[in-house]
Amino acid sequence: MAKRSPEKSSSRGGLLLPGQSRRASRIYRVVRTVVLLLLLLGCLAVTGVAALFLYYSSDPSLPTIDKIADYRPKVTTRVLASDGQLIGEIFEERRTVIPRERIPRVIVDAFVDAEDAQFFEHHGLNYIGMFRAVLQSLWQGRHLRGASTLTQQLVKTYVLKSSERSLKRKVQEMYLALRLEKMLSKEEILWLYLSQIYFGHGRYGIEEAARYYFGKSVTDVHPGEAALLASLPKGPEEISPRRNAERAKLRQRYVLSQMARYHHLSDAEAVKWAEAPIQLVKEPPPQSSLAPEFVDEVDKLLTERFGADRLPYLGLNVRTTCNLDVQRAARAALEQGLQRIDERNKLRQGLRKLDIAARVAHLAELKREFPSGPPVGRGIDGVVIKVLDGDKGSGWAMVDLGGVQGSLPLPQTGDRYNPKGLLATQRYSEGDVVRVRIGRLAKEGPLLVLDAGPQGAAVVLDPETRQIVAMVGGYGYLRGSFNRALKAKRQPGSAFKPFVFATAIESRRYTAASILNDSPQVYDLPDLKGWAPKNAGAHNTSFMGPVRLRVALAQSLNTVASQLIYELKPAPVVAMARQLGIESSLEETYALGLGASVVTPLELTNAYASLAARGRRGDPQWLIQVGTEPPTESPLHQAVSAELAFVMSHVLQSVIEEGTASSIKGKLKRPAAGKTGTTNSNRDAWFVGYTPELAAGVWVGFDDSRPLGEKEQGARSALPIWLEIMQAALHDRRVQSFVQPAGVVVHSIDPVTGNLPAPGAPSIEEVFLSGTEPTEQAPAPGETNAATWNMNQD
């Protein structure tokens, strides 16, 4: 047998046997195919990504920021008092943007180290971070998180304004981040980011956050505070030190460790601030309670001027005429005065108690009038059917309104009608009739509020500038409420009489010493058949007989005022009121002389201010300056003579010295003039008065014109409120007197006849327009008769 030569082993000689060669060839072909497929898939992936970028980035509606000037964030408009104190804010996002150069380095380091340590190296996307986040997300089975750079976060919160998680949004976010990095510098991007992001509690931007948490500008924060601020973007509400101090401290320590890791703090400094307690300023009080009436007016003005769409982006400082001290005093005086009326008229308890039969009848009547319940805001006398004391003093009552039942919260604190903090069951019981209105409609039924007590308004003006120093639109006034100081149209009653008397004196047919008869009067007029005006109060059933005009106005005698307007006619009285500042429509009827036409508290007070300003009229001003615009001014113009204004002011001082407002005589410790006003059935109570420095008006009444209550007249309901306001507003002011102009003369007169006094007879001094002073002498004592009185003979 022939010998076969041995085959060489691949392991020895590196040669493949025929079978091995075929297997290797197949493996090679498979590997080459896989590689080619992978390359093809890679190319397709790259092409797909490129196509996605091209498709989504070419969206014509895609917003961009190509220059720093494109940044237009929503910012806070600040409403300021006259001295610059903050009294309110208007915003959709409470944000304050400060210049880039004012942001300190410690803030930059804290945020970059905590949120994006490679911020100054990458070009908008952190690819390594993205790859790591993808692996973590796959491993942990959750959404992609933690891969966004500061630039991407800015794109998400400001440019795209969306937290949507979709492929489209992610691609657009990445594209815009790359674009933003090309268009803006790193410093500009970081400034935009710090100005834009949310820090919790309704605060946006680094400056607003620093003010809220630390009560200081961001320029003044230390490393511990910077680290806390840098902790918040990760979870503004969850990490808030006001809500979760422990979690906030843990996050702050992490940020401090990052700052030390990247050598922006020494280890010792990091430890120091990590161990230091977090020091926060006290939660700021809501500014909405300071002067919401002024904030409402600013909001209205800016909306009218710039439009509602632009309002959130204005970021203006608007300075108003509000004096915050006087505003606080006016609000406190009005609300305390209304509470006194509540107490006097027993409005803090049920109006009455009904037995079962009366209750059924009352509810049946309500159901007939309001089958589905009264409209929201309408006052109604409901019947209590159940009362419960809740936890922590949060009691409530169920009230039957006839066609529907509602829930009435009865808190122990913060309730106008519960100053003693009584439990709900101590205040009401089943069968009590309570005055309520529907505040709002809820799923479980109407939510009611007590509507037992009256409302009111107060306004304070500077006569020389017509700046509104304070205005209170009602008890518990909130933003957007009905501002009674500006809008309530109410009859002024006798508070309108000064216009009648001013018309009489200006006519020179009458003086303050003229005599008219306080006696029953009956007029047969075209518009008032059998009109028989009667006096109010103590003079309702008795008459004073012949009286001087000064006394008639001081005592608010309707009989005398009716005689004057009958002689003068309504038209010149309307003209006088218009000249001094009344703008509401006035009916030219004889009842006008007793205050039958409606006016607002502001315009009535402004008209009185014209007398305080020596006859000069001006438009009321609540605005001083908008942004950097020139301050607004309201020039005064002479409406009536300074002489007439002085005489009227002198006469109106008698209202306080000896008339219907004599209860406050001497309490203001300075000259003051004014007039009470009360309408029929005590539906409106007024006092409007002034000194040379300030004019103020107070109105009290029910919105639905119900009677205020027995004896609730201007001198009792409104006058004490006026006094408290003026005492607070004038306590540190120099006492001034009304300056007598050259065209006014002072003469001694006989107090009975109004003529020159007889030799040796008692006399008083009176002021006159020059040329109207009396020339006849009164008879000697004991010789006086009707023919010698200084009465108008026309």
# chains A, B, ... in the order shown; residues from 1 in each chain; ligands from 1
>>> select_by_dssp(residues="stretch 401-527 of chain A", states="helix (DSSP H, G or I)", output="list of chain:residue names")
A:Ala424, A:Thr425, A:Gln426, A:Arg427, A:Arg484, A:Ala485, A:Leu486, A:Lys487, A:Gly493, A:Ser494, A:Ala495, A:Phe496, A:Lys497, A:Pro498, A:Phe499, A:Val500, A:Phe501, A:Ala502, A:Thr503, A:Ala504, A:Ile505, A:Glu506
>>> select_by_dssp(residues="stretch 62-95 of chain A", states="strand (DSSP E or B)", output="ChimeraX atom specification")
/A:77-80,86-90,94-95
>>> residues_around(residues="A:Leu290", least_positions_apart="4", cutoff="12 Å", atoms="only C-alpha atoms", output="PyMOL selection string")
chain A and resi 79-81+85-89+285-286+294-296+322-332+470-472+476-479
>>> write_last_selection(atoms="C-alpha atoms", output="short mmCIF file (atom, residue, chain, number, x, y, z; two decimals), in the first residue's frame")
data_model
loop_
_atom_site.label_atom_id
_atom_site.label_comp_id
_atom_site.auth_asym_id
_atom_site.auth_seq_id
_atom_site.Cartn_x
_atom_site.Cartn_y
_atom_site.Cartn_z
CA VAL A 79 -48.01 99.74 41.33
CA LEU A 80 -46.45 102.21 43.72
CA ALA A 81 -47.70 104.67 46.28
CA GLN A 85 -43.77 102.05 48.31
CA LEU A 86 -45.10 98.95 46.60
CA ILE A 87 -48.88 98.66 46.95
CA GLY A 88 -49.70 96.06 44.32
CA GLU A 89 -48.59 94.08 41.29
CA PRO A 285 -48.19 89.84 53.15
CA PRO A 286 -50.53 89.92 50.16
CA PHE A 294 -55.61 101.94 42.95
CA VAL A 295 -54.30 98.71 41.41
CA ASP A 296 -57.64 98.22 39.65
CA CYS A 322 -51.95 106.88 47.07
CA ASN A 323 -50.63 107.80 50.50
CA LEU A 324 -50.33 104.39 52.07
CA ASP A 325 -50.67 105.62 55.67
CA VAL A 326 -53.85 107.53 54.86
CA GLN A 327 -55.15 104.61 52.78
CA ARG A 328 -54.72 102.22 55.70
CA ALA A 329 -56.37 104.68 58.08
CA ALA A 330 -59.29 105.26 55.70
CA ARG A 331 -59.91 101.53 55.26
CA ALA A 332 -59.72 100.87 59.00
CA ALA A 470 -56.86 107.53 49.55
CA MET A 471 -59.96 105.79 48.31
CA VAL A 472 -61.83 102.84 49.77
CA GLY A 476 -63.55 93.96 52.32
CA TYR A 477 -62.79 95.41 48.90
CA LEU A 478 -60.92 92.98 46.62
CA ARG A 479 -59.41 93.38 43.16
#
>>> residues_around(residues="stretch 216-232 of chain A", least_positions_apart="6", cutoff="6 Å", atoms="only C-alpha atoms", output="ChimeraX atom specification")
/A:103-104,107,110-111,199,207,210,251-252,255,273
>>> residues_around(residues="A:Glu208", least_positions_apart="3", cutoff="8 Å", atoms="only C-alpha atoms", output="PDB file with N, CA, C and O atoms, in the first residue's frame")
ATOM      1  N   ARG A  94     -45.107  86.366  37.784  1.00  0.00           N
ATOM      2  CA  ARG A  94     -44.439  87.359  38.632  1.00  0.00           C
ATOM      3  C   ARG A  94     -42.932  87.261  38.411  1.00  0.00           C
ATOM      4  O   ARG A  94     -42.259  86.415  38.965  1.00  0.00           O
ATOM      5  N   ARG A  95     -42.445  88.148  37.576  1.00  0.00           N
ATOM      6  CA  ARG A  95     -41.033  88.098  37.173  1.00  0.00           C
ATOM      7  C   ARG A  95     -40.466  89.513  37.131  1.00  0.00           C
ATOM      8  O   ARG A  95     -41.118  90.453  36.680  1.00  0.00           O
ATOM      9  N   THR A  96     -39.214  89.637  37.590  1.00  0.00           N
ATOM     10  CA  THR A  96     -38.469  90.895  37.475  1.00  0.00           C
ATOM     11  C   THR A  96     -37.164  90.596  36.769  1.00  0.00           C
ATOM     12  O   THR A  96     -36.377  89.748  37.226  1.00  0.00           O
ATOM     13  N   ARG A 203     -43.226  82.637  41.662  1.00  0.00           N
ATOM     14  CA  ARG A 203     -42.107  83.538  41.363  1.00  0.00           C
ATOM     15  C   ARG A 203     -41.302  83.005  40.188  1.00  0.00           C
ATOM     16  O   ARG A 203     -40.910  81.837  40.170  1.00  0.00           O
ATOM     17  N   TYR A 204     -41.046  83.898  39.240  1.00  0.00           N
ATOM     18  CA  TYR A 204     -40.269  83.555  38.050  1.00  0.00           C
ATOM     19  C   TYR A 204     -39.037  84.450  37.992  1.00  0.00           C
ATOM     20  O   TYR A 204     -39.099  85.644  38.254  1.00  0.00           O
ATOM     21  N   GLY A 205     -37.909  83.852  37.599  1.00  0.00           N
ATOM     22  CA  GLY A 205     -36.688  84.626  37.440  1.00  0.00           C
ATOM     23  C   GLY A 205     -35.921  84.757  38.745  1.00  0.00           C
ATOM     24  O   GLY A 205     -36.482  84.766  39.840  1.00  0.00           O
ATOM     25  N   ARG A 211     -35.765  88.015  46.060  1.00  0.00           N
ATOM     26  CA  ARG A 211     -36.586  88.925  46.861  1.00  0.00           C
ATOM     27  C   ARG A 211     -37.578  88.141  47.724  1.00  0.00           C
ATOM     28  O   ARG A 211     -37.812  88.486  48.886  1.00  0.00           O
ATOM     29  N   TYR A 212     -38.146  87.107  47.145  1.00  0.00           N
ATOM     30  CA  TYR A 212     -39.179  86.365  47.854  1.00  0.00           C
ATOM     31  C   TYR A 212     -38.596  85.544  49.005  1.00  0.00           C
ATOM     32  O   TYR A 212     -39.149  85.540  50.113  1.00  0.00           O
TER      33      TYR A 212
END
>>> closest_residue(among="A:Arg310, A:Arg179, A:Lys353, A:Lys300", to="A:Glu92", atoms="only C-alpha atoms")
A:Arg310
>>> residues_around(residues="stretch 504-507 of chain A", least_positions_apart="2", cutoff="9 Å", atoms="only C-alpha atoms", output="list in words")
Phe499, Val500, Phe501, Ala502, Arg509, Tyr510, Thr511, Ala512, Leu564, Ile565, Leu568, Val573, Val640, Ser641, Leu644, Val647, Met648, Phe768 and Leu769 of chain A
>>> closest_residue(among="A:Ser82, A:Gln412, A:Ser289, A:Thr76", to="A:Tyr313", atoms="only C-alpha atoms")
A:Thr76
>>> residues_around(residues="A:Val735", least_positions_apart="3", cutoff="9 Å", atoms="only C-alpha atoms", output="ChimeraX atom specification")
/A:669-671,692-693,730
>>> closest_residue(among="A:Leu708, A:Ala758, A:Val376, A:Ala457", to="A:Ile438", atoms="only C-alpha atoms")
A:Val376
>>> atom_distance(atom1="atom CA of A:Asn682", atom2="atom CA of A:Thr660")
15.1 Å
>>> closest_residue(among="A:Ala696, A:Ile515, A:Leu401, A:Ile385", to="A:Ser429", atoms="only C-alpha atoms")
A:Ile385
>>> closest_residue(among="A:Phe370, A:Phe482, A:Tyr690, A:Phe119", to="A:Ala607", atoms="only C-alpha atoms")
A:Tyr690
>>> closest_atom_pairs(of="stretch 616-710 of chain A", to="stretch 492-497 of chain A", cutoff="7 Å", atoms="only C-alpha atoms", output="tab-separated table")
residue	atom	partner	partner_atom	distance
A:Lys675	CA	A:Ala495	CA	5.4
A:Thr676	CA	A:Ala495	CA	5.5
A:Gly677	CA	A:Ser494	CA	4.3
A:Thr678	CA	A:Gly493	CA	5.0
A:Thr679	CA	A:Gly493	CA	4.8
A:Trp686	CA	A:Pro492	CA	6.9
>>> write_last_selection(atoms="N, CA and C atoms", output="tab-separated table (two decimals), in the first residue's frame")
chain	number	residue	atom	x	y	z
A	675	LYS	N	-70.41	119.21	55.53
A	675	LYS	CA	-71.87	119.10	55.56
A	675	LYS	C	-72.29	117.65	55.67
A	676	THR	N	-73.27	117.42	56.55
A	676	THR	CA	-73.89	116.10	56.66
A	676	THR	C	-74.91	115.94	55.55
A	677	GLY	N	-75.28	114.71	55.30
A	677	GLY	CA	-76.32	114.43	54.32
A	677	GLY	C	-77.03	113.13	54.66
A	678	THR	N	-78.35	113.15	54.59
A	678	THR	CA	-79.15	111.95	54.86
A	678	THR	C	-80.33	111.95	53.90
A	679	THR	N	-80.63	110.82	53.30
A	679	THR	CA	-81.76	110.75	52.38
A	679	THR	C	-82.97	110.13	53.06
A	686	TRP	N	-74.17	110.59	54.70
A	686	TRP	CA	-72.98	111.24	54.15
A	686	TRP	C	-72.35	112.18	55.18
>>> atom_distance(atom1="atom CA of A:Leu316", atom2="atom CA of A:Arg78")
6.3 Å
>>> atom_distance(atom1="atom CA of A:Ile749", atom2="atom CA of A:Val551")
13.9 Å
